[in-house]
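A.B. asks: Sharing target.tsv below, TSV, C-alpha atoms:
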```
chain	number	residue	atom	x	y	z
A	1	MET	CA	121.54	105.69	-60.93
A	2	ASN	CA	122.67	105.83	-64.52
A	3	SER	CA	125.00	108.07	-66.50
A	4	PRO	CA	126.12	108.05	-70.14
A	5	THR	CA	129.04	105.80	-69.26
A	6	ASP	CA	127.08	103.03	-67.58
A	7	HIS	CA	123.64	103.10	-69.16
A	8	ASN	CA	122.93	101.73	-72.64
A	9	LEU	CA	119.88	103.47	-74.01
A	10	ASP	CA	117.93	101.57	-76.65
A	11	ALA	CA	117.79	102.82	-80.23
A	12	ALA	CA	114.62	104.84	-79.66
A	13	VAL	CA	116.16	106.90	-76.86
A	14	SER	CA	119.85	106.86	-77.78
A	15	SER	CA	120.02	110.63	-78.02
A	16	ALA	CA	119.24	113.16	-75.32
A	17	ARG	CA	118.12	115.48	-78.09
A	18	THR	CA	115.52	112.93	-79.17
A	19	LEU	CA	114.23	112.76	-75.62
A	20	ALA	CA	114.03	116.54	-75.45
A	21	GLN	CA	111.92	116.57	-78.62
A	22	PHE	CA	109.68	113.90	-77.12
A	23	ALA	CA	109.20	115.89	-73.88
A	24	ALA	CA	108.39	119.02	-75.89
A	25	GLY	CA	105.17	117.36	-76.96
A	26	TYR	CA	103.83	117.87	-73.41
A	27	ARG	CA	104.41	121.63	-73.23
A	28	GLU	CA	100.84	122.81	-73.61
A	29	PRO	CA	99.42	123.92	-70.23
A	30	ASP	CA	95.82	123.31	-69.23
A	31	GLY	CA	94.48	126.69	-68.10
A	32	LEU	CA	91.79	125.25	-65.83
A	33	ARG	CA	94.22	122.77	-64.28
A	34	SER	CA	96.76	125.53	-63.66
A	35	LEU	CA	94.12	127.73	-62.04
A	36	PHE	CA	92.98	124.80	-59.88
A	37	GLU	CA	96.58	124.08	-58.77
A	38	LEU	CA	97.12	127.73	-57.87
A	39	THR	CA	93.81	128.06	-56.03
A	40	ILE	CA	94.12	124.99	-53.84
A	41	SER	CA	97.77	125.75	-52.99
A	42	ALA	CA	97.16	129.40	-52.06
A	43	GLY	CA	93.86	128.61	-50.34
A	44	ALA	CA	95.40	125.85	-48.24
A	45	LEU	CA	98.26	128.12	-47.18
A	46	VAL	CA	95.82	130.83	-46.06
A	47	PHE	CA	93.70	128.28	-44.18
A	48	LEU	CA	96.71	126.79	-42.39
A	49	TRP	CA	98.10	130.25	-41.59
A	50	VAL	CA	94.85	131.17	-39.84
A	51	ALA	CA	94.85	127.79	-38.08
A	52	MET	CA	98.37	128.45	-36.79
A	53	TRP	CA	97.32	131.87	-35.54
A	54	LEU	CA	94.35	130.40	-33.68
A	55	SER	CA	96.48	127.56	-32.30
A	56	LEU	CA	98.66	130.05	-30.42
A	57	ASN	CA	95.91	130.08	-27.79
A	58	VAL	CA	96.33	126.32	-27.37
A	59	GLY	CA	100.09	125.85	-27.40
A	60	TYR	CA	103.05	126.69	-29.61
A	61	TRP	CA	103.74	123.00	-30.13
A	62	LEU	CA	100.51	122.81	-32.13
A	63	THR	CA	101.45	125.93	-34.09
A	64	LEU	CA	104.75	124.37	-35.11
A	65	LEU	CA	103.03	121.13	-36.01
A	66	ILE	CA	100.65	122.94	-38.38
A	67	ALA	CA	103.65	124.83	-39.81
A	68	ILE	CA	104.87	121.62	-41.46
A	69	PRO	CA	102.07	121.30	-44.03
A	70	ALA	CA	101.91	125.10	-44.32
A	71	ALA	CA	105.58	125.12	-45.36
A	72	GLY	CA	104.75	122.36	-47.83
A	73	PHE	CA	102.15	124.55	-49.52
A	74	LEU	CA	104.58	127.49	-49.61
A	75	VAL	CA	107.06	125.21	-51.37
A	76	ARG	CA	104.29	124.26	-53.79
A	77	LEU	CA	103.59	127.92	-54.51
A	78	PHE	CA	107.29	128.41	-55.22
A	79	MET	CA	107.07	125.59	-57.77
A	80	ILE	CA	104.19	127.40	-59.44
A	81	GLN	CA	106.29	130.56	-59.47
A	82	HIS	CA	109.10	128.45	-60.93
A	83	ASP	CA	106.86	127.23	-63.76
A	84	CYS	CA	105.69	130.78	-64.40
A	85	GLY	CA	109.33	131.81	-64.78
A	86	HIS	CA	109.69	129.23	-67.54
A	87	GLY	CA	106.50	130.40	-69.23
A	88	ALA	CA	105.03	126.97	-68.55
A	89	PHE	CA	102.12	127.47	-66.17
A	90	PHE	CA	99.82	129.56	-68.37
A	91	ARG	CA	99.72	130.09	-72.12
A	92	HIS	CA	100.20	133.85	-71.97
A	93	ARG	CA	103.48	135.32	-70.83
A	94	ILE	CA	101.93	138.34	-69.12
A	95	LEU	CA	99.78	136.05	-66.94
A	96	ASN	CA	102.79	133.90	-66.07
A	97	ASP	CA	104.82	136.97	-65.16
A	98	TRP	CA	102.26	138.66	-62.94
A	99	VAL	CA	101.30	135.49	-61.12
A	100	GLY	CA	105.03	134.85	-60.64
A	101	ARG	CA	105.64	138.36	-59.33
A	102	THR	CA	102.71	138.09	-56.91
A	103	LEU	CA	103.91	134.74	-55.60
A	104	GLY	CA	107.40	136.22	-55.26
A	105	VAL	CA	106.06	138.36	-52.41
A	106	LEU	CA	105.04	135.19	-50.53
A	107	THR	CA	108.27	133.32	-51.33
A	108	LEU	CA	110.48	136.38	-50.63
A	109	THR	CA	111.92	135.99	-54.13
A	110	PRO	CA	112.08	138.88	-56.63
A	111	TYR	CA	110.59	137.14	-59.63
A	112	ASP	CA	112.38	138.90	-62.49
A	113	VAL	CA	115.80	138.65	-60.83
A	114	TRP	CA	115.28	134.98	-60.04
A	115	ARG	CA	113.98	134.23	-63.54
A	116	ARG	CA	117.11	135.67	-65.14
A	117	ALA	CA	119.48	133.83	-62.80
A	118	HIS	CA	117.52	130.60	-63.23
A	119	ALA	CA	117.70	130.89	-67.01
A	120	VAL	CA	121.50	131.05	-66.70
A	121	HIS	CA	121.37	127.96	-64.49
A	122	HIS	CA	119.46	126.04	-67.16
A	123	ALA	CA	121.82	127.21	-69.89
A	124	THR	CA	124.98	126.21	-68.00
A	125	THR	CA	124.07	123.32	-65.69
A	126	GLY	CA	126.90	120.79	-65.43
A	127	ASN	CA	129.36	123.09	-67.24
A	128	LEU	CA	132.58	123.39	-65.22
A	129	ASP	CA	133.65	126.48	-67.16
A	130	ARG	CA	130.43	128.41	-66.58
A	131	ARG	CA	129.74	128.00	-62.89
A	132	GLY	CA	128.75	130.81	-60.58
A	133	MET	CA	125.17	131.97	-61.13
A	134	GLY	CA	122.04	130.22	-59.96
A	135	ASP	CA	123.81	127.08	-58.74
A	136	ILE	CA	125.43	125.49	-55.70
A	137	GLU	CA	129.11	126.41	-55.61
A	138	THR	CA	131.07	123.28	-56.52
A	139	LEU	CA	134.87	123.19	-56.69
A	140	THR	CA	137.01	120.61	-58.42
A	141	VAL	CA	139.57	118.72	-56.33
A	142	ARG	CA	142.33	120.67	-58.04
A	143	GLU	CA	140.68	124.03	-57.35
A	144	TYR	CA	140.14	123.12	-53.73
A	145	ARG	CA	143.77	122.13	-53.24
A	146	ALA	CA	144.94	125.36	-54.86
A	147	ARG	CA	143.13	127.44	-52.24
A	148	SER	CA	144.75	128.79	-49.10
A	149	TRP	CA	143.93	127.08	-45.82
A	150	LEU	CA	141.44	129.89	-45.13
A	151	GLY	CA	139.80	129.39	-48.53
A	152	ARG	CA	139.52	125.64	-47.93
A	153	LEU	CA	138.03	126.27	-44.49
A	154	GLY	CA	135.49	128.65	-45.99
A	155	TYR	CA	134.45	126.09	-48.59
A	156	ARG	CA	134.17	123.35	-45.96
A	157	LEU	CA	131.96	125.58	-43.84
A	158	TYR	CA	129.84	126.46	-46.88
A	159	ARG	CA	129.38	122.77	-47.60
A	160	HIS	CA	128.56	121.81	-44.01
A	161	PRO	CA	124.91	120.68	-43.70
A	162	VAL	CA	124.19	123.13	-40.88
A	163	VAL	CA	125.26	126.01	-43.11
A	164	MET	CA	123.97	124.65	-46.42
A	165	PHE	CA	120.49	123.72	-45.21
A	166	GLY	CA	120.16	125.80	-42.06
A	167	LEU	CA	121.95	129.15	-42.09
A	168	GLY	CA	122.25	129.27	-45.87
A	169	PRO	CA	118.51	129.37	-46.64
A	170	VAL	CA	118.01	132.10	-44.01
A	171	TYR	CA	120.73	134.21	-45.63
A	172	LEU	CA	119.48	133.51	-49.16
A	173	PHE	CA	115.79	134.28	-48.68
A	174	ILE	CA	115.91	136.88	-45.89
A	175	LEU	CA	119.02	138.87	-46.89
A	176	GLN	CA	120.60	138.03	-50.26
A	177	GLN	CA	117.41	138.24	-52.30
A	178	ARG	CA	116.72	141.77	-51.12
A	179	LEU	CA	119.26	143.09	-53.66
A	180	PRO	CA	120.01	141.87	-57.22
A	181	LEU	CA	123.45	140.55	-56.32
A	182	GLY	CA	125.36	139.32	-59.35
A	183	MET	CA	123.30	141.50	-61.70
A	184	MET	CA	124.67	144.94	-60.92
A	185	ARG	CA	125.49	145.47	-64.61
A	186	ALA	CA	122.20	144.15	-65.95
A	187	GLY	CA	120.50	147.56	-65.98
A	188	TRP	CA	117.54	148.89	-64.05
A	189	ARG	CA	115.13	145.95	-64.38
A	190	PRO	CA	116.66	143.75	-61.65
A	191	TRP	CA	116.66	146.74	-59.30
A	192	VAL	CA	113.01	147.49	-60.00
A	193	SER	CA	112.11	143.82	-59.44
A	194	SER	CA	114.02	143.66	-56.15
A	195	ILE	CA	112.86	146.98	-54.73
A	196	ALA	CA	109.23	146.47	-55.79
A	197	THR	CA	109.21	143.01	-54.22
A	198	ASN	CA	110.79	144.37	-51.03
A	199	VAL	CA	108.16	147.13	-50.80
A	200	ALA	CA	105.35	144.62	-51.35
A	201	ILE	CA	106.81	142.24	-48.73
A	202	ALA	CA	107.17	145.06	-46.20
A	203	SER	CA	103.64	146.32	-46.89
A	204	ALA	CA	102.13	142.86	-46.49
A	205	ALA	CA	104.10	142.24	-43.29
A	206	ILE	CA	103.07	145.59	-41.79
A	207	LEU	CA	99.42	144.92	-42.65
A	208	MET	CA	99.52	141.47	-41.06
A	209	MET	CA	101.27	142.82	-37.96
A	210	TRP	CA	98.56	145.45	-37.65
A	211	LEU	CA	95.87	142.79	-37.94
A	212	VAL	CA	97.26	140.09	-35.63
A	213	GLY	CA	100.09	141.81	-33.76
A	214	PRO	CA	103.85	141.83	-34.45
A	215	SER	CA	104.81	138.96	-32.16
A	216	ARG	CA	101.98	136.69	-33.30
A	217	PHE	CA	102.77	137.40	-36.94
A	218	LEU	CA	106.42	136.42	-36.44
A	219	LEU	CA	105.56	133.36	-34.36
A	220	VAL	CA	103.32	132.11	-37.18
A	221	HIS	CA	105.09	133.22	-40.32
A	222	LEU	CA	108.76	132.69	-39.55
A	223	PRO	CA	108.50	128.90	-39.02
A	224	ILE	CA	106.71	128.56	-42.36
A	225	VAL	CA	109.26	130.62	-44.26
A	226	LEU	CA	112.33	129.05	-42.64
A	227	ALA	CA	111.10	125.48	-43.10
A	228	ALA	CA	110.10	126.11	-46.72
A	229	ALA	CA	113.45	127.81	-47.44
A	230	SER	CA	115.42	124.84	-46.08
A	231	VAL	CA	113.33	122.38	-48.09
A	232	GLY	CA	113.79	124.49	-51.21
A	233	VAL	CA	117.58	124.58	-50.88
A	234	TRP	CA	117.66	120.85	-50.17
A	235	LEU	CA	115.64	120.09	-53.29
A	236	PHE	CA	117.87	122.26	-55.45
A	237	TYR	CA	120.95	120.60	-53.95
A	238	VAL	CA	119.80	117.03	-54.60
A	239	GLN	CA	118.77	117.89	-58.15
A	240	HIS	CA	122.38	118.41	-59.22
A	241	GLN	CA	124.57	117.03	-56.43
A	242	PHE	CA	124.16	113.27	-56.57
A	243	GLU	CA	126.09	110.09	-57.26
A	244	GLY	CA	126.43	109.72	-61.02
A	245	ALA	CA	125.91	113.39	-61.90
A	246	LEU	CA	127.53	114.60	-65.11
A	247	TRP	CA	129.85	117.61	-65.27
A	248	ALA	CA	132.08	118.57	-68.19
A	249	ARG	CA	134.32	121.29	-69.58
A	250	ASP	CA	133.13	123.54	-72.40
A	251	GLY	CA	134.74	121.44	-75.13
A	252	SER	CA	132.80	118.29	-74.28
A	253	TRP	CA	129.72	119.81	-72.65
A	254	ASP	CA	126.38	119.34	-74.40
A	255	PHE	CA	123.20	121.07	-73.27
A	256	HIS	CA	120.88	118.08	-73.71
A	257	GLU	CA	123.25	115.51	-72.22
A	258	ALA	CA	123.86	117.81	-69.24
A	259	ALA	CA	120.11	118.19	-68.81
A	260	LEU	CA	119.47	114.45	-68.86
A	261	TYR	CA	122.50	113.20	-66.92
A	262	GLY	CA	123.42	116.26	-64.86
A	263	SER	CA	119.98	116.44	-63.23
A	264	SER	CA	118.55	113.80	-60.95
A	265	HIS	CA	115.27	111.95	-60.87
A	266	TYR	CA	114.53	112.44	-57.18
A	267	ASP	CA	112.05	109.59	-56.73
A	268	LEU	CA	110.06	110.79	-53.73
A	269	PRO	CA	107.00	109.23	-52.08
A	270	ALA	CA	103.74	110.33	-53.71
A	271	VAL	CA	102.75	112.88	-51.05
A	272	LEU	CA	106.15	114.58	-51.23
A	273	ARG	CA	106.03	114.59	-55.03
A	274	TRP	CA	102.72	116.41	-54.78
A	275	PHE	CA	103.94	119.05	-52.32
A	276	THR	CA	107.11	119.65	-54.34
A	277	GLY	CA	105.32	119.99	-57.66
A	278	ASN	CA	107.09	116.98	-59.21
A	279	ILE	CA	110.32	118.97	-59.25
A	280	GLY	CA	112.13	115.72	-58.44
A	281	MET	CA	111.62	114.74	-62.09
A	282	HIS	CA	114.33	117.23	-62.72
A	283	HIS	CA	116.07	115.50	-65.59
A	284	VAL	CA	112.86	115.69	-67.62
A	285	HIS	CA	112.31	119.28	-66.54
A	286	HIS	CA	115.77	120.26	-67.79
A	287	LEU	CA	115.16	118.48	-71.08
A	288	CYS	CA	112.14	120.72	-71.67
A	289	SER	CA	111.51	123.42	-69.07
A	290	ARG	CA	108.28	124.51	-70.76
A	291	VAL	CA	106.41	121.42	-69.56
A	292	PRO	CA	104.03	122.28	-66.66
A	293	TYR	CA	104.92	120.35	-63.51
A	294	TYR	CA	101.60	118.50	-63.50
A	295	ARG	CA	102.40	116.96	-66.91
A	296	LEU	CA	105.86	115.62	-65.97
A	297	PRO	CA	104.53	112.32	-64.50
A	298	GLN	CA	102.80	111.56	-67.80
A	299	ILE	CA	106.16	111.73	-69.60
A	300	LEU	CA	107.60	109.12	-67.25
A	301	ARG	CA	104.53	106.94	-67.67
A	302	ASP	CA	104.81	107.14	-71.45
A	303	ARG	CA	108.58	106.64	-71.44
A	304	PRO	CA	109.38	104.31	-68.50
A	305	ASP	CA	112.97	104.07	-69.79
A	306	LEU	CA	113.48	107.54	-68.30
A	307	VAL	CA	112.63	106.42	-64.77
A	308	ASP	CA	116.02	104.96	-63.87
A	309	ILE	CA	118.18	107.70	-65.39
A	310	GLY	CA	119.68	109.67	-62.51
A	311	ARG	CA	117.27	108.03	-60.08
A	312	VAL	CA	117.85	108.91	-56.43
A	313	THR	CA	115.60	107.65	-53.64
A	314	LEU	CA	114.87	109.56	-50.45
A	315	VAL	CA	117.31	107.37	-48.48
A	316	GLN	CA	120.01	107.62	-51.15
A	317	SER	CA	119.67	111.40	-51.24
A	318	LEU	CA	120.84	111.65	-47.64
A	319	GLN	CA	124.18	110.19	-48.70
A	320	SER	CA	124.69	112.95	-51.27
A	321	VAL	CA	125.45	115.45	-48.51
A	322	ARG	CA	129.00	114.10	-48.33
A	323	LEU	CA	129.67	114.82	-52.03
A	324	SER	CA	131.52	118.12	-52.09
A	325	LEU	CA	134.12	118.13	-54.88
A	326	TRP	CA	134.22	117.23	-58.56
A	327	ASP	CA	137.08	114.87	-59.37
A	328	GLU	CA	138.04	115.49	-63.00
A	329	THR	CA	140.24	112.39	-63.04
A	330	ARG	CA	137.50	110.00	-61.97
A	331	GLN	CA	134.69	112.08	-63.51
A	332	ARG	CA	132.45	112.05	-60.49
A	333	LEU	CA	131.55	113.92	-57.33
A	334	VAL	CA	133.57	112.83	-54.30
A	335	SER	CA	133.72	113.59	-50.60
A	336	PHE	CA	136.61	115.37	-48.92
A	337	ARG	CA	137.69	112.02	-47.51
A	338	GLU	CA	137.65	110.31	-50.90
A	339	ALA	CA	139.74	113.09	-52.41
A	340	ARG	CA	142.28	112.73	-49.61
A	341	MET	CA	142.44	108.94	-49.92
A	342	PHE	CA	142.92	109.10	-53.69
A	343	ASP	CA	146.04	111.27	-53.41
A	344	PRO	CA	147.60	110.80	-49.96
A	345	LEU	CA	150.74	112.68	-51.03
A	346	ARG	CA	148.68	115.83	-51.46
A	347	PRO	CA	146.29	115.66	-48.50
A	348	VAL	CA	142.97	117.43	-48.51
A	349	PRO	CA	142.75	118.97	-45.03
```
Translate the structure of the given file into structure tokens.

C.D. replies:
Amino acid sequence: MNSPTDHNLDAAVSSARTLAQFAAGYREPDGLRSLFELTISAGALVFLWVAMWLSLNVGYWLTLLIAIPAAGFLVRLFMIQHDCGHGAFFRHRILNDWVGRTLGVLTLTPYDVWRRAHAVHHATTGNLDRRGMGDIETLTVREYRARSWLGRLGYRLYRHPVVMFGLGPVYLFILQQRLPLGMMRAGWRPWVSSIATNVAIASAAILMMWLVGPSRFLLVHLPIVLAAASVGVWLFYVQHQFEGALWARDGSWDFHEAALYGSSHYDLPAVLRWFTGNIGMHHVHHLCSRVPYYRLPQILRDRPDLVDIGRVTLVQSLQSVRLSLWDETRQRLVSFREARMFDPLRPVP
């Protein structure tokens, strides 16, 4: 895993801005390819949903087994929604927006609210002075120590894997996204997006309960949603919480450097790359968010010098769970234990 301090880029790629310009050459979406990606992802989810419903007559173990690939296709649909939010999936904005809004009903995500928050995330990623919207809460060692014991306990609980990847996704997708939290002063649009999405979700759920029965609907749909939500939060976590990630204060923060070095290249096995819409190539995505996800691999093939920047393997990603604080002295993410060992006179409880 490489960062600006330990990776010497050759003359052709010495600037993150140059790399961003290079990636911009891949922005043009292929309408037929996009339609194909959408059709097979949505069609497979519908097919697997019906298969899960039928499998209830065999045994719930089979239903849960089928839920695994079904959740994978729901994640894939979220990645399509994500590309629509960047205006990357289709050429026309209105088509991107309405496909994104429709998919938001399936992903339980109000499209217009998410798009605004996600735009802030892209504009501020890795900036210590502009944290708070669309990102994983990350404290510096100094900020953590300045908190009361109750505040430190709350942050530790928030960072615990059971909360972060278990309870957290349930709260985020089932409860938090029902209202435009954090955008109360942004006017009426976030409210319309949230309420319209909620009405559409409720209508779809009521229709499905009427067709297959309330209990059967919940037995089929909840495992898909919960598994996909946990995977989604995990992916977002690994994309910016990894060994070698770059964070900086306003004075030294640069958008393109933060994009390249503050975002990981989550090098997943091929099948997982497919299900996650190549979102693991996150450093390239942040360099140019208008590139459709199916064109990201071509950028890495054409510029293999990008492969090792921020590279995190599946095994290495499991170790990133312990990284919880940003150490401004050592300029890297550290665990609670590392922060305590570094300054034993001021223990981190």

A.B. asks: Write out as JSON lines a residue-level contact list of stretch 301-335 of chain A versus stretch 245-256 of chain A with cut-off 12 Å: for each qualifying residue the closest pair of atoms and the distance in Å to one decimal, counting all atoms listed in the file, rows sorted by chain and residue number upward.

C.D. replies:
```
{"residue": "A:Ile309", "atom": "CA", "partner": "A:Ala245", "partner_atom": "CA", "distance": 10.2}
{"residue": "A:Gly310", "atom": "CA", "partner": "A:Ala245", "partner_atom": "CA", "distance": 7.3}
{"residue": "A:Arg311", "atom": "CA", "partner": "A:Ala245", "partner_atom": "CA", "distance": 10.3}
{"residue": "A:Val312", "atom": "CA", "partner": "A:Ala245", "partner_atom": "CA", "distance": 10.7}
{"residue": "A:Ser320", "atom": "CA", "partner": "A:Ala245", "partner_atom": "CA", "distance": 10.7}
{"residue": "A:Leu323", "atom": "CA", "partner": "A:Ala245", "partner_atom": "CA", "distance": 10.7}
{"residue": "A:Leu325", "atom": "CA", "partner": "A:Trp247", "partner_atom": "CA", "distance": 11.2}
{"residue": "A:Trp326", "atom": "CA", "partner": "A:Trp247", "partner_atom": "CA", "distance": 8.0}
{"residue": "A:Asp327", "atom": "CA", "partner": "A:Trp247", "partner_atom": "CA", "distance": 9.7}
{"residue": "A:Glu328", "atom": "CA", "partner": "A:Ala248", "partner_atom": "CA", "distance": 8.5}
{"residue": "A:Thr329", "atom": "CA", "partner": "A:Ala248", "partner_atom": "CA", "distance": 11.5}
{"residue": "A:Arg330", "atom": "CA", "partner": "A:Trp247", "partner_atom": "CA", "distance": 11.3}
{"residue": "A:Gln331", "atom": "CA", "partner": "A:Trp247", "partner_atom": "CA", "distance": 7.6}
{"residue": "A:Arg332", "atom": "CA", "partner": "A:Ala245", "partner_atom": "CA", "distance": 6.8}
{"residue": "A:Leu333", "atom": "CA", "partner": "A:Ala245", "partner_atom": "CA", "distance": 7.3}
{"residue": "A:Val334", "atom": "CA", "partner": "A:Ala245", "partner_atom": "CA", "distance": 10.8}
```

A.B. asks: What is the atom CA of A:Ala67-atom CA of A:His221 distance in Å, reported with one decimal?

C.D. replies: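 It comes out at 8.5 Å.
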
A.B. asks: Expressed in Å to a single decimal, how great is the separation between atom CA of A:Gly100 and atom CA of A:His86?

C.D. replies: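 About the pair atom CA of A:Gly100 and atom CA of A:His86: they are 10.0 Å apart.
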
A.B. asks: Which residues, protein or nucleic acid, reach to within 9 Å of (101.9, 128.6, -68.6) in the file's coordinates when using all atoms listed in the file, and can you give that as a PyMOL selection string?

C.D. replies: chain A and resi 27-31+34+83-93+95-96+290-292

A.B. asks: Excluding same-chain residues fewer than 5 positions from stretch 46-57 of chain A, what lies within 12 Å of it counting only C-alpha atoms, as an NGL selection string?

C.D. replies: :A and (39-41 or 62-74 or 77 or 106 or 208-209 or 211-225)

A.B. asks: Take the residues from that selection and write them out as a PDB file, in the frame of the given file, keeping C-alpha atoms.

C.D. replies:
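Contents of the output file result07.pdb:
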```pdb
ATOM      1  CA  THR A  39      93.810 128.060 -56.030  1.00  0.00           C
ATOM      2  CA  ILE A  40      94.120 124.990 -53.840  1.00  0.00           C
ATOM      3  CA  SER A  41      97.770 125.750 -52.990  1.00  0.00           C
ATOM      4  CA  LEU A  62     100.510 122.810 -32.130  1.00  0.00           C
ATOM      5  CA  THR A  63     101.450 125.930 -34.090  1.00  0.00           C
ATOM      6  CA  LEU A  64     104.750 124.370 -35.110  1.00  0.00           C
ATOM      7  CA  LEU A  65     103.030 121.130 -36.010  1.00  0.00           C
ATOM      8  CA  ILE A  66     100.650 122.940 -38.380  1.00  0.00           C
ATOM      9  CA  ALA A  67     103.650 124.830 -39.810  1.00  0.00           C
ATOM     10  CA  ILE A  68     104.870 121.620 -41.460  1.00  0.00           C
ATOM     11  CA  PRO A  69     102.070 121.300 -44.030  1.00  0.00           C
ATOM     12  CA  ALA A  70     101.910 125.100 -44.320  1.00  0.00           C
ATOM     13  CA  ALA A  71     105.580 125.120 -45.360  1.00  0.00           C
ATOM     14  CA  GLY A  72     104.750 122.360 -47.830  1.00  0.00           C
ATOM     15  CA  PHE A  73     102.150 124.550 -49.520  1.00  0.00           C
ATOM     16  CA  LEU A  74     104.580 127.490 -49.610  1.00  0.00           C
ATOM     17  CA  LEU A  77     103.590 127.920 -54.510  1.00  0.00           C
ATOM     18  CA  LEU A 106     105.040 135.190 -50.530  1.00  0.00           C
ATOM     19  CA  MET A 208      99.520 141.470 -41.060  1.00  0.00           C
ATOM     20  CA  MET A 209     101.270 142.820 -37.960  1.00  0.00           C
ATOM     21  CA  LEU A 211      95.870 142.790 -37.940  1.00  0.00           C
ATOM     22  CA  VAL A 212      97.260 140.090 -35.630  1.00  0.00           C
ATOM     23  CA  GLY A 213     100.090 141.810 -33.760  1.00  0.00           C
ATOM     24  CA  PRO A 214     103.850 141.830 -34.450  1.00  0.00           C
ATOM     25  CA  SER A 215     104.810 138.960 -32.160  1.00  0.00           C
ATOM     26  CA  ARG A 216     101.980 136.690 -33.300  1.00  0.00           C
ATOM     27  CA  PHE A 217     102.770 137.400 -36.940  1.00  0.00           C
ATOM     28  CA  LEU A 218     106.420 136.420 -36.440  1.00  0.00           C
ATOM     29  CA  LEU A 219     105.560 133.360 -34.360  1.00  0.00           C
ATOM     30  CA  VAL A 220     103.320 132.110 -37.180  1.00  0.00           C
ATOM     31  CA  HIS A 221     105.090 133.220 -40.320  1.00  0.00           C
ATOM     32  CA  LEU A 222     108.760 132.690 -39.550  1.00  0.00           C
ATOM     33  CA  PRO A 223     108.500 128.900 -39.020  1.00  0.00           C
ATOM     34  CA  ILE A 224     106.710 128.560 -42.360  1.00  0.00           C
ATOM     35  CA  VAL A 225     109.260 130.620 -44.260  1.00  0.00           C
TER      36      VAL A 225
END
```

A.B. asks: With all atoms listed in the file as the basis for distance, which of A:Gln241, A:Thr107, A:Asn198, A:Asn127 is at the shortest distance from A:Ala227?

C.D. replies: A:Thr107

A.B. asks: Here is a test: counting all atoms listed in the file, which residue of A:Ser335, A:Ser203, A:Gln298, A:Ser15 is nearest to A:Val105?

C.D. replies: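 Smallest separation from A:Val105 among the options: A:Ser203.
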
A.B. asks: Contacts of A:Leu157 at 12 Å or less, counting only C-alpha atoms, minus same-chain residues fewer than 6 places along, as a list in words?

C.D. replies: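 Surrounding residues, per the criterion: Leu150, Gly151, Val163, Met164, Phe165, Gly166, Leu167, Gly168 and Ser324 of chain A.
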
A.B. asks: Mind writing the picked residues with C-alpha atoms as a tab-separated table (two decimals), in the frame of the given file?

C.D. replies:
```
chain	number	residue	atom	x	y	z
A	150	LEU	CA	141.44	129.89	-45.13
A	151	GLY	CA	139.80	129.39	-48.53
A	163	VAL	CA	125.26	126.01	-43.11
A	164	MET	CA	123.97	124.65	-46.42
A	165	PHE	CA	120.49	123.72	-45.21
A	166	GLY	CA	120.16	125.80	-42.06
A	167	LEU	CA	121.95	129.15	-42.09
A	168	GLY	CA	122.25	129.27	-45.87
A	324	SER	CA	131.52	118.12	-52.09
```

A.B. asks: May I ask which of the residues A:His121, A:Ala16, A:Glu257, A:Arg178 is the closest one to A:Ala200, counting all atoms listed in the file?

C.D. replies: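 Selected residue with least distance to A:Ala200: A:Arg178.
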
A.B. asks: May I have the centre and edge lengths, in Å to one decimal, of an axis-aligned box around the listed atoms of stretch 118-129 of chain A with 4 Å added to every side, as JSON?

C.D. replies:
```
{"center_x": 125.6, "center_y": 125.9, "center_z": -66.6, "size_x": 24.1, "size_y": 18.3, "size_z": 14.7}
```

A.B. asks: Tell me, in Å to one decimal, how far atom CA of A:Leu287 is from atom CA of A:Ile299.

C.D. replies: 11.3 Å

A.B. asks: Pick out the closest residue to A:Trp274 from this set: A:Val199, A:Met133, A:Leu296, A:Leu181. Count all atoms listed in the file.

C.D. replies: A:Leu296

A.B. asks: So that I can check the surroundings of A:Arg115, please list as a PyMOL selection string every protein, DNA and RNA residue that reaches within 9 Å of it, counting all atoms listed in the file and ignoring chain neighbours fewer than 3 positions away.

C.D. replies: chain A and resi 82+85-86+110-112+118-120

A.B. asks: Is it possible to get the residues within 12 Å of (102.8, 118.6, -54.5) (coordinates as in the file, counting all atoms listed in the file) written as an MDAnalysis selection string?

C.D. replies: chainID A and resid 37:38 40:41 69 71:80 268:280 293:294 297
